[in-house]
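Only one structure is covered here, and it is reproduced in the block below.
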Protein chains: 2
Amino acid sequence: MSILVVGSVAFDDVTSPSGTVKNVLAGAATYFSLAASYFTQVRVVAVVGEDFGPAQESVFHKHGVDIRGIERAKGKTFRWGGTYTDNLNEAKTDFTHLNVFETFQPRIPKEYEDSDFLFLANIQPTLQAHVRQQMNGVRLTGCDTMNYWINRTPRELAETLKLVDVLLINDTETKMLANETNLPRAANKVLAMGPQALVIKHGEYGATIFFRDGAFGIGHHPFRAPALPIEEVKDPTGAGDSFAGGFMGYLASQKQVSREVLKRALFYGGVMGSFAVERFGTERLQSLTRNEIDARFQTFRELTHLD
Amino acid sequence: MSILVVGSVAFDDVTSPSGTVKNVLAGAATYFSLAASYFTQVRVVAVVGEDFGPAQESVFHKHGVDIRGIERAKGKTFRWGGTYTDNLNEAKTDFTHLNVFETFQPRIPKEYEDSDFLFLANIQPTLQAHVRQQMNGVRLTGCDTMNYWINRTPRELAETLKLVDVLLINDTETKMLANETNLPRAANKVLAMGPQALVIKHGEYGATIFFRDGAFGIGHHPFRAPALPIEEVKDPTGAGDSFAGGFMGYLASQKQVSREVLKRALFYGGVMGSFAVERFGTERLQSLTRNEIDARFQTFRELTHLD
């Protein structure tokens, strides 16, 4: 199966207690597509500037990622700089230069129209909806968003949420979107907005998936995948996008999307997120093997498995 | 098997978004002993004032808890008042009247000397150590502490930690005790201070147990028990003590303490903590059945179980 991701490709400057890197290839679509590439065929729609060249292309090509949908625009690629101090859960943004991303209008190449799965990374909700409407043949649509859109464009976001199957956001975003501080109650409110399932990412504590009644099978309980406590977190940037890549990539590799498959996907999401943070930028995602991924999947399983 | 708990018995005033209660029976030793009473025989050492009468005694007696070790002193019982706002994870303390608890000197009745397990609830570390030294025949000692002692009496606490087998604290306390912000690194530092195992309670995200190399069996991986997201949290007070009661109570009900038993105990801890917060004070802990407990244990298991 193939999966289409629409989102940002960027160059990041990151400082964390482990050091500093500059101009590393990053962006939600990059993290997502590298993580998903270990499971399925990935196609990217994004925009880059003239500073994106063969060195960056080869990162995608080495993982079989189709980048015919990455548009080359005049100017510079999106750039972001951030600093993590002791609290690795939150970055202080040093700068955001949207550059060519500011006027991004996603265009789906003809060759991408038969994609089986769609992931709408964190971009303006109206653009997400527009892409989704062009891809009516997909089997399942995943979606990300952020506080910025929840606060600034709630009506547009509400329209987008009606069109997606699985929303992947974090605890804070869930509570903000639902205007409700109790997490399971907030989850139910978000599900009432449209998605069949809601994946809430808890950072170092794993993730929980909540289902709409009757969606993807029977049962009314949520499911939680824990995350392995990691001693070496070098750069938390992209953990959520890598989680989404592992989650959606695994779904796209399966014959059907049942609750059991979604549960396993939640574990694979955590696995890919945990690899991503071990090195700066996408370094660790570039060098993985499927064996390493499956070994960590086993470790995550054993982490909560009672005999 | 029998378990001895040494800690506070108190009357609490609690306000949360669900309402207000006044003068409810509470305190670490109370939550702990009620939670543990569903698994094993419990004995309490504590101090109360003249306001503690037959109504309070009967709460313990109904659960077969031995309170011959509860000393009656002149004056009033320990009183605490707290308010939870939207963030149910943290209480604003409205008042703390230590009353008779201020000069608490734990005295172990002769009849308690053959106790098999010991739990040192959150009291002054020197008192904890003193109790532990009198109970040299116990098979396993669990211990709690808090920020106050970590900051004020670090040397005394370090001495106590050399005498305990399992320390049960939360994320913040672990990081503070180890002076290290990365959780698994902090856990390893705490284990080097003495305990064979460290249980870190993550509130709504469950708990993780870290083992010293070779302690309770082989293996080097921690184990994590998730917590069910709860829609109705009325009063988070005592969740940690109820967790400890379920954890230690289950251990005391087993023939031996292996890693597998400790893992199950972690689930039972989460189960008892989740019941405690459903009602104000110890109301829910007073009315449980073992069937309800085992049903929730199953739910917690299924929460992360892959077929």
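A note on labels: chains of the structure tokens are A, B, ... as shown, every chain counts residues from 1, and ligands are counted from 1 in their shown order.
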
When you look at Met146 in chain B with a cut-off of 12 Å (counting only C-alpha atoms), what residues show up, excluding the ones that are within fewer than 4 positions of it in the same chain? I need them as an mmCIF file with all heavy atoms, in the first residue's frame.
data_model
loop_
_atom_site.group_PDB
_atom_site.id
_atom_site.type_symbol
_atom_site.label_atom_id
_atom_site.label_comp_id
_atom_site.auth_asym_id
_atom_site.auth_seq_id
_atom_site.Cartn_x
_atom_site.Cartn_y
_atom_site.Cartn_z
ATOM 1 N N ALA B 121 5.095 4.724 55.534
ATOM 2 C CA ALA B 121 4.450 5.824 54.813
ATOM 3 C C ALA B 121 5.252 7.094 55.060
ATOM 4 O O ALA B 121 6.256 7.089 55.779
ATOM 5 C CB ALA B 121 2.997 5.964 55.270
ATOM 6 N N ASN B 122 4.805 8.172 54.428
ATOM 7 C CA ASN B 122 5.575 9.414 54.422
ATOM 8 C C ASN B 122 5.621 10.099 55.791
ATOM 9 O O ASN B 122 4.736 10.883 56.118
ATOM 10 C CB ASN B 122 4.942 10.320 53.365
ATOM 11 C CG ASN B 122 5.495 11.699 53.395
ATOM 12 O OD1 ASN B 122 6.683 11.888 53.663
ATOM 13 N ND2 ASN B 122 4.633 12.670 53.133
ATOM 14 N N ILE B 123 6.651 9.777 56.577
ATOM 15 C CA ILE B 123 6.899 10.490 57.835
ATOM 16 C C ILE B 123 8.382 10.856 57.885
ATOM 17 O O ILE B 123 9.126 10.531 56.948
ATOM 18 C CB ILE B 123 6.511 9.653 59.083
ATOM 19 C CG1 ILE B 123 7.275 8.316 59.115
ATOM 20 C CG2 ILE B 123 5.011 9.420 59.124
ATOM 21 C CD1 ILE B 123 7.070 7.516 60.404
ATOM 22 N N GLN B 124 8.805 11.500 58.926
ATOM 23 C CA GLN B 124 10.200 11.957 59.069
ATOM 24 C C GLN B 124 11.154 10.758 58.884
ATOM 25 O O GLN B 124 10.965 9.713 59.502
ATOM 26 C CB GLN B 124 10.317 12.582 60.466
ATOM 27 C CG GLN B 124 11.364 13.660 60.596
ATOM 28 C CD GLN B 124 12.717 13.056 60.875
ATOM 29 O OE1 GLN B 124 12.829 12.112 61.631
ATOM 30 N NE2 GLN B 124 13.744 13.587 60.208
ATOM 31 N N PRO B 125 12.171 10.863 58.022
ATOM 32 C CA PRO B 125 13.024 9.721 57.687
ATOM 33 C C PRO B 125 13.684 9.046 58.888
ATOM 34 O O PRO B 125 13.840 7.818 58.888
ATOM 35 C CB PRO B 125 14.094 10.334 56.772
ATOM 36 C CG PRO B 125 13.469 11.539 56.187
ATOM 37 C CD PRO B 125 12.521 12.066 57.214
ATOM 38 N N ILE B 150 13.109 15.366 51.176
ATOM 39 C CA ILE B 150 14.215 15.338 50.208
ATOM 40 C C ILE B 150 15.021 16.632 50.313
ATOM 41 O O ILE B 150 16.252 16.630 50.263
ATOM 42 C CB ILE B 150 13.668 15.136 48.770
ATOM 43 C CG1 ILE B 150 13.013 13.755 48.648
ATOM 44 C CG2 ILE B 150 14.770 15.299 47.734
ATOM 45 C CD1 ILE B 150 12.227 13.526 47.361
ATOM 46 N N ASN B 151 14.314 17.750 50.518
ATOM 47 C CA ASN B 151 14.991 19.049 50.632
ATOM 48 C C ASN B 151 15.548 19.324 52.017
ATOM 49 O O ASN B 151 16.638 19.868 52.145
ATOM 50 C CB ASN B 151 14.007 20.178 50.285
ATOM 51 C CG ASN B 151 13.746 20.238 48.800
ATOM 52 O OD1 ASN B 151 14.642 19.968 48.004
ATOM 53 N ND2 ASN B 151 12.526 20.572 48.422
ATOM 54 N N ARG B 152 14.761 18.966 53.048
ATOM 55 C CA ARG B 152 15.130 19.383 54.396
ATOM 56 C C ARG B 152 16.062 18.425 55.118
ATOM 57 O O ARG B 152 16.853 18.840 55.949
ATOM 58 C CB ARG B 152 13.863 19.539 55.255
ATOM 59 C CG ARG B 152 12.832 20.494 54.706
ATOM 60 C CD ARG B 152 13.257 21.930 54.919
ATOM 61 N NE ARG B 152 12.208 22.832 54.465
ATOM 62 C CZ ARG B 152 11.339 23.440 55.275
ATOM 63 N NH1 ARG B 152 11.399 23.261 56.573
ATOM 64 N NH2 ARG B 152 10.406 24.235 54.775
ATOM 65 N N THR B 153 15.891 17.115 54.868
ATOM 66 C CA THR B 153 16.673 16.142 55.641
ATOM 67 C C THR B 153 17.311 15.112 54.712
ATOM 68 O O THR B 153 17.107 13.913 54.867
ATOM 69 C CB THR B 153 15.766 15.412 56.668
ATOM 70 O OG1 THR B 153 14.716 14.735 55.958
ATOM 71 C CG2 THR B 153 15.156 16.369 57.677
ATOM 72 N N PRO B 154 18.110 15.583 53.737
ATOM 73 C CA PRO B 154 18.662 14.646 52.752
ATOM 74 C C PRO B 154 19.558 13.565 53.371
ATOM 75 O O PRO B 154 19.530 12.411 52.927
ATOM 76 C CB PRO B 154 19.446 15.552 51.799
ATOM 77 C CG PRO B 154 19.666 16.831 52.526
ATOM 78 C CD PRO B 154 18.520 16.986 53.473
ATOM 79 N N LEU B 157 17.415 11.008 55.159
ATOM 80 C CA LEU B 157 16.708 10.212 54.158
ATOM 81 C C LEU B 157 17.647 9.192 53.512
ATOM 82 O O LEU B 157 17.273 8.033 53.296
ATOM 83 C CB LEU B 157 16.096 11.131 53.097
ATOM 84 C CG LEU B 157 15.296 10.457 51.990
ATOM 85 C CD1 LEU B 157 14.139 9.628 52.561
ATOM 86 C CD2 LEU B 157 14.744 11.484 51.003
ATOM 87 N N LEU B 167 11.241 1.566 47.111
ATOM 88 C CA LEU B 167 10.853 2.958 47.346
ATOM 89 C C LEU B 167 9.753 3.312 46.347
ATOM 90 O O LEU B 167 9.881 3.020 45.158
ATOM 91 C CB LEU B 167 12.061 3.872 47.160
ATOM 92 C CG LEU B 167 11.818 5.374 47.369
ATOM 93 C CD1 LEU B 167 11.471 5.684 48.821
ATOM 94 C CD2 LEU B 167 13.046 6.180 46.929
ATOM 95 N N LEU B 168 8.672 3.920 46.838
ATOM 96 C CA LEU B 168 7.562 4.317 45.960
ATOM 97 C C LEU B 168 7.402 5.833 46.011
ATOM 98 O O LEU B 168 6.960 6.380 47.031
ATOM 99 C CB LEU B 168 6.243 3.673 46.410
ATOM 100 C CG LEU B 168 6.130 2.149 46.307
ATOM 101 C CD1 LEU B 168 6.424 1.509 47.649
ATOM 102 C CD2 LEU B 168 4.754 1.730 45.836
ATOM 103 N N ILE B 169 7.768 6.512 44.934
ATOM 104 C CA ILE B 169 7.664 7.974 44.873
ATOM 105 C C ILE B 169 7.176 8.384 43.482
ATOM 106 O O ILE B 169 6.988 7.531 42.609
ATOM 107 C CB ILE B 169 9.006 8.667 45.210
ATOM 108 C CG1 ILE B 169 10.168 8.084 44.382
ATOM 109 C CG2 ILE B 169 9.308 8.538 46.695
ATOM 110 C CD1 ILE B 169 11.534 8.709 44.687
ATOM 111 N N ASN B 170 6.961 9.688 43.268
ATOM 112 C CA ASN B 170 6.488 10.114 41.950
ATOM 113 C C ASN B 170 7.628 10.677 41.085
ATOM 114 O O ASN B 170 8.784 10.714 41.519
ATOM 115 C CB ASN B 170 5.313 11.090 42.086
ATOM 116 C CG ASN B 170 5.722 12.420 42.703
ATOM 117 O OD1 ASN B 170 6.867 12.856 42.593
ATOM 118 N ND2 ASN B 170 4.784 13.062 43.385
ATOM 119 N N ASP B 171 7.312 11.093 39.882
ATOM 120 C CA ASP B 171 8.316 11.588 38.941
ATOM 121 C C ASP B 171 9.124 12.744 39.510
ATOM 122 O O ASP B 171 10.365 12.752 39.457
ATOM 123 C CB ASP B 171 7.641 12.097 37.649
ATOM 124 C CG ASP B 171 7.089 10.983 36.786
ATOM 125 O OD1 ASP B 171 6.294 10.181 37.307
ATOM 126 O OD2 ASP B 171 7.441 10.917 35.604
ATOM 127 N N THR B 172 8.422 13.739 40.042
ATOM 128 C CA THR B 172 9.085 14.941 40.555
ATOM 129 C C THR B 172 10.012 14.599 41.704
ATOM 130 O O THR B 172 11.149 15.097 41.783
ATOM 131 C CB THR B 172 8.018 15.952 41.045
ATOM 132 O OG1 THR B 172 7.055 16.116 40.006
ATOM 133 C CG2 THR B 172 8.645 17.285 41.382
ATOM 134 N N GLU B 173 9.539 13.741 42.593
ATOM 135 C CA GLU B 173 10.358 13.361 43.747
ATOM 136 C C GLU B 173 11.601 12.591 43.312
ATOM 137 O O GLU B 173 12.687 12.780 43.855
ATOM 138 C CB GLU B 173 9.517 12.517 44.717
ATOM 139 C CG GLU B 173 8.435 13.339 45.424
ATOM 140 C CD GLU B 173 7.260 12.525 45.961
ATOM 141 O OE1 GLU B 173 7.181 11.293 45.682
ATOM 142 O OE2 GLU B 173 6.396 13.123 46.625
ATOM 143 N N THR B 174 11.437 11.739 42.294
ATOM 144 C CA THR B 174 12.581 10.974 41.796
ATOM 145 C C THR B 174 13.653 11.905 41.242
ATOM 146 O O THR B 174 14.845 11.765 41.545
ATOM 147 C CB THR B 174 12.126 10.009 40.676
ATOM 148 O OG1 THR B 174 11.079 9.178 41.168
ATOM 149 C CG2 THR B 174 13.281 9.141 40.199
ATOM 150 N N LYS B 175 13.218 12.856 40.419
ATOM 151 C CA LYS B 175 14.169 13.784 39.804
ATOM 152 C C LYS B 175 14.840 14.658 40.859
ATOM 153 O O LYS B 175 16.035 14.952 40.767
ATOM 154 C CB LYS B 175 13.441 14.654 38.764
ATOM 155 C CG LYS B 175 12.982 13.854 37.546
ATOM 156 C CD LYS B 175 12.116 14.685 36.591
ATOM 157 C CE LYS B 175 11.676 13.818 35.410
ATOM 158 N NZ LYS B 175 10.774 14.554 34.503
ATOM 159 N N MET B 176 14.072 15.066 41.867
ATOM 160 C CA MET B 176 14.622 15.899 42.935
ATOM 161 C C MET B 176 15.613 15.116 43.792
ATOM 162 O O MET B 176 16.703 15.605 44.121
ATOM 163 C CB MET B 176 13.460 16.394 43.797
ATOM 164 C CG MET B 176 13.826 17.511 44.736
ATOM 165 S SD MET B 176 12.360 18.103 45.614
ATOM 166 C CE MET B 176 11.578 19.062 44.318
ATOM 167 N N LEU B 177 15.249 13.891 44.100
ATOM 168 C CA LEU B 177 16.109 13.050 44.947
ATOM 169 C C LEU B 177 17.437 12.754 44.252
ATOM 170 O O LEU B 177 18.504 12.725 44.873
ATOM 171 C CB LEU B 177 15.363 11.745 45.277
ATOM 172 C CG LEU B 177 16.022 10.710 46.183
ATOM 173 C CD1 LEU B 177 16.436 11.324 47.518
ATOM 174 C CD2 LEU B 177 15.053 9.541 46.429
ATOM 175 N N GLY B 240 -1.805 8.045 45.829
ATOM 176 C CA GLY B 240 -0.482 7.423 45.973
ATOM 177 C C GLY B 240 -0.436 6.424 47.116
ATOM 178 O O GLY B 240 0.181 5.364 47.005
#

Return the neighbours of chain B among the residues of chain A, cut-off 9 Å, counting only C-alpha atoms, as a PyMOL selection string.
chain A and resi 86-88+181-185+202+205-206+208+221-233+260+263-264+299+301-307

So that I can see what lies close to Ala252 in chain A, please list as number ranges by chain the residues with an atom at most 7 Å from it, counting only C-alpha atoms and leaving out residues fewer than 2 positions away in the same chain.
A: 1-3, 40, 117, 248-250, 254

Since we have the selection now, will you write its residues out, keeping all heavy atoms, as a PDB file, in the first residue's frame?
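Here's the written file result.pdb:
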ATOM      1  N   MET A   1       0.842  -1.198   0.000  1.00  0.00           N
ATOM      2  CA  MET A   1       0.000   0.000   0.000  1.00  0.00           C
ATOM      3  C   MET A   1       0.879   1.249   0.000  1.00  0.00           C
ATOM      4  O   MET A   1       1.982   1.243   0.521  1.00  0.00           O
ATOM      5  CB  MET A   1      -0.860   0.051   1.283  1.00  0.00           C
ATOM      6  CG  MET A   1      -1.778  -1.122   1.430  1.00  0.00           C
ATOM      7  SD  MET A   1      -3.287  -0.885   0.489  1.00  0.00           S
ATOM      8  CE  MET A   1      -4.114  -2.425   0.872  1.00  0.00           C
ATOM      9  N   SER A   2       0.308   2.333  -0.483  1.00  0.00           N
ATOM     10  CA  SER A   2       1.065   3.579  -0.517  1.00  0.00           C
ATOM     11  C   SER A   2       0.408   4.608   0.382  1.00  0.00           C
ATOM     12  O   SER A   2      -0.794   4.573   0.633  1.00  0.00           O
ATOM     13  CB  SER A   2       1.096   4.112  -1.945  1.00  0.00           C
ATOM     14  OG  SER A   2      -0.233   4.291  -2.388  1.00  0.00           O
ATOM     15  N   ILE A   3       1.227   5.516   0.885  1.00  0.00           N
ATOM     16  CA  ILE A   3       0.694   6.562   1.747  1.00  0.00           C
ATOM     17  C   ILE A   3       1.215   7.917   1.281  1.00  0.00           C
ATOM     18  O   ILE A   3       2.397   8.073   0.964  1.00  0.00           O
ATOM     19  CB  ILE A   3       1.050   6.283   3.223  1.00  0.00           C
ATOM     20  CG1 ILE A   3       0.372   7.293   4.143  1.00  0.00           C
ATOM     21  CG2 ILE A   3       2.546   6.292   3.475  1.00  0.00           C
ATOM     22  CD1 ILE A   3       0.336   6.837   5.578  1.00  0.00           C
ATOM     23  N   THR A  40       6.109   0.971   4.393  1.00  0.00           N
ATOM     24  CA  THR A  40       5.283   1.075   3.199  1.00  0.00           C
ATOM     25  C   THR A  40       5.876   2.093   2.224  1.00  0.00           C
ATOM     26  O   THR A  40       6.846   2.770   2.539  1.00  0.00           O
ATOM     27  CB  THR A  40       3.844   1.494   3.617  1.00  0.00           C
ATOM     28  OG1 THR A  40       2.967   1.304   2.522  1.00  0.00           O
ATOM     29  CG2 THR A  40       3.795   2.950   4.059  1.00  0.00           C
ATOM     30  N   PHE A 117      -3.510   5.578   1.497  1.00  0.00           N
ATOM     31  CA  PHE A 117      -3.635   6.247   2.793  1.00  0.00           C
ATOM     32  C   PHE A 117      -3.164   7.685   2.643  1.00  0.00           C
ATOM     33  O   PHE A 117      -2.318   7.985   1.796  1.00  0.00           O
ATOM     34  CB  PHE A 117      -2.791   5.532   3.864  1.00  0.00           C
ATOM     35  CG  PHE A 117      -3.392   4.234   4.329  1.00  0.00           C
ATOM     36  CD1 PHE A 117      -3.387   3.115   3.500  1.00  0.00           C
ATOM     37  CD2 PHE A 117      -3.969   4.123   5.587  1.00  0.00           C
ATOM     38  CE1 PHE A 117      -3.959   1.910   3.921  1.00  0.00           C
ATOM     39  CE2 PHE A 117      -4.526   2.936   6.016  1.00  0.00           C
ATOM     40  CZ  PHE A 117      -4.527   1.832   5.181  1.00  0.00           C
ATOM     41  N   MET A 248       0.960   5.393  10.990  1.00  0.00           N
ATOM     42  CA  MET A 248       0.287   5.338   9.684  1.00  0.00           C
ATOM     43  C   MET A 248       0.983   4.347   8.752  1.00  0.00           C
ATOM     44  O   MET A 248       0.329   3.650   7.972  1.00  0.00           O
ATOM     45  CB  MET A 248       0.264   6.728   9.046  1.00  0.00           C
ATOM     46  CG  MET A 248      -0.582   7.751   9.766  1.00  0.00           C
ATOM     47  SD  MET A 248      -2.381   7.476   9.653  1.00  0.00           S
ATOM     48  CE  MET A 248      -2.648   7.608   7.885  1.00  0.00           C
ATOM     49  N   GLY A 249       2.315   4.303   8.815  1.00  0.00           N
ATOM     50  CA  GLY A 249       3.063   3.383   7.962  1.00  0.00           C
ATOM     51  C   GLY A 249       2.687   1.935   8.255  1.00  0.00           C
ATOM     52  O   GLY A 249       2.471   1.137   7.346  1.00  0.00           O
ATOM     53  N   TYR A 250       2.582   1.607   9.544  1.00  0.00           N
ATOM     54  CA  TYR A 250       2.190   0.252   9.896  1.00  0.00           C
ATOM     55  C   TYR A 250       0.775  -0.050   9.417  1.00  0.00           C
ATOM     56  O   TYR A 250       0.523  -1.120   8.854  1.00  0.00           O
ATOM     57  CB  TYR A 250       2.312   0.009  11.400  1.00  0.00           C
ATOM     58  CG  TYR A 250       1.881  -1.389  11.777  1.00  0.00           C
ATOM     59  CD1 TYR A 250       2.696  -2.484  11.497  1.00  0.00           C
ATOM     60  CD2 TYR A 250       0.642  -1.628  12.354  1.00  0.00           C
ATOM     61  CE1 TYR A 250       2.292  -3.782  11.794  1.00  0.00           C
ATOM     62  CE2 TYR A 250       0.220  -2.917  12.653  1.00  0.00           C
ATOM     63  CZ  TYR A 250       1.047  -3.986  12.368  1.00  0.00           C
ATOM     64  OH  TYR A 250       0.645  -5.275  12.647  1.00  0.00           O
ATOM     65  N   GLN A 254      -0.828  -3.153   6.373  1.00  0.00           N
ATOM     66  CA  GLN A 254      -1.723  -4.240   6.758  1.00  0.00           C
ATOM     67  C   GLN A 254      -2.898  -4.366   5.786  1.00  0.00           C
ATOM     68  O   GLN A 254      -3.318  -3.385   5.190  1.00  0.00           O
ATOM     69  CB  GLN A 254      -2.258  -3.994   8.175  1.00  0.00           C
ATOM     70  CG  GLN A 254      -1.168  -3.949   9.220  1.00  0.00           C
ATOM     71  CD  GLN A 254      -0.424  -5.259   9.327  1.00  0.00           C
ATOM     72  OE1 GLN A 254      -1.007  -6.290   9.634  1.00  0.00           O
ATOM     73  NE2 GLN A 254       0.872  -5.229   9.018  1.00  0.00           N
TER      74      GLN A 254
END

If we count only C-alpha atoms, what is near Tyr112 in chain A at a cut-off of 12 Å, once residues fewer than 5 positions away on the same chain are taken out, given as a ChimeraX atom specification?
/A:2-6,41-45,66-70,107,117-118,131,134-135,137-138

Nearest to Leu288 in chain B, chosen from B:Ala35, B:Val14, B:Val190, B:Leu266, with only C-alpha atoms counted in the distances
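Once distances to Leu288 in chain B are computed over only C-alpha atoms, the minimum belongs to B:Ala35.
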
If you run DSSP on the backbone here, which positions in range 23-59 of chain A get alpha helix (DSSP H)? Please write them as a PyMOL selection string.
chain A and resi 28-36+54-59

Create the file for the chosen residues now, containing C-alpha atoms and written as a compact mmCIF listing (two decimals), in the first residue's frame.
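Result file follows (out15.txt):
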# COMPACT_ATOMS: atom_id res chain seq x y z
CA ALA A 28 6.96 17.18 9.74
CA ALA A 29 6.75 15.57 6.28
CA THR A 30 10.42 14.57 6.45
CA TYR A 31 10.19 12.90 9.87
CA PHE A 32 6.90 11.30 8.89
CA SER A 33 8.05 9.93 5.56
CA LEU A 34 11.33 8.50 6.83
CA ALA A 35 9.55 6.78 9.74
CA ALA A 36 6.79 5.42 7.48
CA PRO A 54 20.72 16.59 -4.34
CA ALA A 55 22.06 15.97 -0.80
CA GLN A 56 18.54 16.32 0.61
CA GLU A 57 16.91 14.47 -2.26
CA SER A 58 19.14 11.48 -1.68
CA VAL A 59 17.97 11.17 1.94

May I have all residues of range 12-258 of chain B that DSSP, computed from the backbone, assigns to strand (DSSP E), given as JSON, numbers by chain?
{"B": [12, 13, 14, 15, 16, 19, 20, 21, 22, 23, 24, 25, 26, 41, 42, 43, 44, 45, 46, 47, 48, 66, 67, 68, 69, 70, 71, 72, 78, 79, 80, 81, 82, 83, 84, 91, 92, 93, 94, 95, 96, 97, 117, 118, 119, 120, 140, 141, 142, 143, 166, 167, 168, 169, 170, 197, 198, 199, 200, 201, 207, 208, 209, 210, 211, 223, 224, 225]}

Please compute the CA of Gly75 in chain A-CA of Val24 in chain A distance, one decimal, in Å.
17.8 Å

What's the 6 Å shell around Phe11 in chain B, counting only C-alpha atoms, without same-chain residues fewer than 2 positions away, as a PyMOL selection string?
chain B and resi 23-26+79

Determine, counting only C-alpha atoms, which protein, DNA and RNA residues have an atom within 12 Å of an atom of range 92-98 of chain B; residues of the same chain fewer than 2 positions away are not included. Present the result as an MDAnalysis selection string.
chainID B and resid 8:16 27 47:49 75:90 100:104 123 237

Could you state the separation of CA of Val65 in chain A and CA of Ser37 in chain A in Å, given to one decimal place?
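Between CA of Val65 in chain A and CA of Ser37 in chain A the gap is 6.7 Å.
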